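File shown here: data03.cif, holding mmCIF, C-alpha atoms.
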data_final
loop_
_atom_site.label_atom_id
_atom_site.label_comp_id
_atom_site.auth_asym_id
_atom_site.auth_seq_id
_atom_site.Cartn_x
_atom_site.Cartn_y
_atom_site.Cartn_z
CA CYS A 93 2.18 -9.59 -2.52
CA THR A 94 0.68 -12.91 -3.50
CA THR A 95 -1.45 -11.55 -6.37
CA LYS A 96 -0.26 -12.64 -9.82
CA ASP A 97 1.45 -9.91 -11.92
CA VAL A 98 1.44 -7.38 -9.06
CA TYR A 99 4.79 -6.02 -7.84
CA LEU A 100 5.74 -3.77 -4.94
CA ALA A 101 8.28 -1.05 -4.26
CA GLY A 102 8.66 0.75 -0.97
CA TRP A 103 10.25 3.94 0.32
CA LEU A 104 10.64 4.21 4.08
CA LYS A 105 10.95 7.39 6.12
CA PRO A 106 10.94 7.43 9.92
CA GLY A 107 7.37 6.53 10.93
CA ARG A 108 5.98 6.35 7.39
CA LEU A 109 6.01 4.10 4.31
CA LEU A 110 5.20 4.97 0.70
CA LEU A 111 4.25 1.74 -1.05
CA GLY A 112 4.07 1.46 -4.84
CA VAL A 113 1.69 -1.28 -5.98
CA VAL A 114 2.24 -1.96 -9.71
CA ASN A 115 -0.08 -4.18 -11.73
CA TRP A 116 1.26 -5.70 -14.96
CA GLY A 117 -1.83 -7.90 -15.46
CA GLY A 118 -5.61 -7.56 -15.44
CA ALA A 119 -7.60 -5.58 -12.86
CA ALA A 120 -7.10 -7.08 -9.41
CA ASP A 121 -7.55 -6.65 -5.71
CA ALA A 122 -3.91 -7.00 -4.70
CA ALA A 123 -3.38 -8.91 -1.45
CA VAL A 124 -0.45 -7.07 0.17
CA THR A 125 1.19 -7.88 3.49
CA VAL A 126 3.52 -5.29 5.03
CA ASP A 127 5.84 -6.45 7.82
CA LEU A 128 5.13 -3.45 10.04
CA GLN A 129 7.45 -4.55 12.84
CA LYS A 130 10.40 -5.08 10.49
CA LEU A 131 9.86 -1.58 9.08
CA GLY A 132 9.73 -0.05 12.56
CA LEU A 133 6.02 0.77 12.37
CA PRO A 134 3.51 0.03 15.14
CA ALA A 135 0.91 -2.74 14.88
CA ALA A 136 -1.89 -0.14 14.56
CA CYS A 137 -1.44 1.65 11.24
CA ARG A 138 -3.69 3.34 8.71
CA ALA A 139 -3.28 3.50 4.94
CA TRP A 140 -4.63 5.60 2.09
CA ASP A 141 -4.02 6.42 -1.58
CA ALA A 142 -1.40 9.19 -1.90
CA GLU A 143 -3.19 10.65 -4.94
CA GLN A 144 -6.67 10.39 -3.41
CA PRO A 145 -6.27 11.03 0.35
CA GLU A 146 -9.99 10.48 0.95
CA THR A 147 -9.56 6.83 -0.15
CA ALA A 148 -8.73 4.98 3.07
CA LEU A 149 -7.62 1.35 3.06
CA ALA A 150 -8.05 -0.95 6.05
CA VAL A 151 -4.84 -2.33 7.54
CA ALA A 152 -5.69 -5.67 9.15
CA ALA A 153 -3.75 -7.47 11.84
CA GLY A 154 -0.31 -8.47 10.67
CA GLY A 155 -0.13 -5.62 8.14
CA ALA A 156 -2.47 -7.16 5.57
CA LEU A 157 -4.29 -4.85 3.18
CA THR A 158 -6.22 -5.17 -0.05
CA VAL A 159 -5.36 -2.66 -2.76
CA PRO A 160 -7.64 -2.51 -5.83
CA VAL A 161 -5.49 -1.85 -8.92
CA ASN A 162 -6.72 -1.43 -12.49
CA ARG A 163 -5.20 -3.29 -15.43
CA HIS A 164 -1.65 -2.08 -16.23
CA ASP A 165 -1.87 0.62 -13.57
CA PHE A 166 -0.35 1.46 -10.21
CA ARG A 167 -1.31 2.90 -6.82
CA LEU A 168 0.82 4.84 -4.35
CA ILE A 169 -0.19 3.95 -0.81
CA ILE A 170 0.91 5.74 2.37
CA VAL A 171 1.10 3.63 5.53
CA GLU A 172 1.67 5.36 8.88
CA PRO A 173 0.82 4.96 12.57
CA ASP A 174 -2.87 5.37 13.38
CA GLU A 175 -2.79 8.14 15.96
CA ARG A 176 -6.51 8.90 15.86
#

Mind turning this structure into structure tokens?
Amino acid sequence: CTTKDVYLAGWLKPGRLLLGVVNWGGAADAAVTVDLQKLGLPAACRAWDAEQPETALAVAAGGALTVPVNRHDFRLIIVEPDER
């Protein structure tokens, strides 16, 4: 993550990633890049907020995604193969 004061933690299961995006600064749109290939995930993945499943996030080429995070808050993001 290249966004100032935003840190990441990840938990990997076969075919799925839970990504913790933690913001220690002001509200931000965190620019996150996930190395899908290194994690054993396909190039076509989808992502959403684990606490609000209706909130989908676009996973761009190369595993780039933008995660809005409030000041001093966190988001739990699930990344998995897009089998739709």

Apply the PyMOL selection byres ((chain A and resi 158) around 9) to the displayed file and report the matching residues as a PDB file with C-alpha atoms, keeping the file's coordinate frame.
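For reference, result_35.pdb as written:
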ATOM      1  CA  ASP A 121      -7.550  -6.650  -5.710  1.00  0.00           C
ATOM      2  CA  ALA A 122      -3.910  -7.000  -4.700  1.00  0.00           C
ATOM      3  CA  ALA A 123      -3.380  -8.910  -1.450  1.00  0.00           C
ATOM      4  CA  VAL A 124      -0.450  -7.070   0.170  1.00  0.00           C
ATOM      5  CA  THR A 125       1.190  -7.880   3.490  1.00  0.00           C
ATOM      6  CA  LEU A 149      -7.620   1.350   3.060  1.00  0.00           C
ATOM      7  CA  ALA A 150      -8.050  -0.950   6.050  1.00  0.00           C
ATOM      8  CA  VAL A 151      -4.840  -2.330   7.540  1.00  0.00           C
ATOM      9  CA  ALA A 156      -2.470  -7.160   5.570  1.00  0.00           C
ATOM     10  CA  LEU A 157      -4.290  -4.850   3.180  1.00  0.00           C
ATOM     11  CA  VAL A 159      -5.360  -2.660  -2.760  1.00  0.00           C
ATOM     12  CA  PRO A 160      -7.640  -2.510  -5.830  1.00  0.00           C
TER      13      PRO A 160
END

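Of note, atom CA of Ala136 of chain A and atom CA of Asn115 of chain A are spaced 26.7 Å apart.
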
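Among the candidate residues A:Leu168, A:Gly117, A:Lys130, A:Trp140, the one lying nearest to Ala101 of chain A is A:Leu168, with distances computed using only C-alpha atoms.
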
Could you write out as JSON, numbers by chain the residues that the PyMOL selection byres ((chain A and resi 102) around 9) matches in the shown file? {"A": [100, 101, 103, 104, 109, 110, 111, 112, 113]}

At a cut-off of 9 Å from (0.9, -5.5, 12.2) in the coordinates of the file, what residues are picked up using all atoms listed in the file, written as a list in words? Val126, Asp127, Leu128, Gln129, Leu133, Pro134, Ala135, Ala136, Cys137, Val151, Ala152, Ala153, Gly154, Gly155 and Ala156 of chain A

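The gap separating atom CA of Thr94 of chain A from atom CA of Val114 of chain A is 12.7 Å, in Å to one decimal.
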
Here's a test: counting all atoms listed in the file, identify every protein, DNA and RNA residue with an atom at most 6 Å from (0.2, 6.7, 7.5) in the file's coordinate frame, and state them as a ChimeraX atom specification. /A:108,138-139,170-173

Write the residues of the preceding selection, restricted to C-alpha atoms, as a JSON list (two decimals), in the frame of the given file.
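This is the output file part.json:
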[["chain", "number", "residue", "atom", "x", "y", "z"],
["A", 108, "ARG", "CA", 5.98, 6.35, 7.39],
["A", 138, "ARG", "CA", -3.69, 3.34, 8.71],
["A", 139, "ALA", "CA", -3.28, 3.50, 4.94],
["A", 170, "ILE", "CA", 0.91, 5.74, 2.37],
["A", 171, "VAL", "CA", 1.10, 3.63, 5.53],
["A", 172, "GLU", "CA", 1.67, 5.36, 8.88],
["A", 173, "PRO", "CA", 0.82, 4.96, 12.57]]
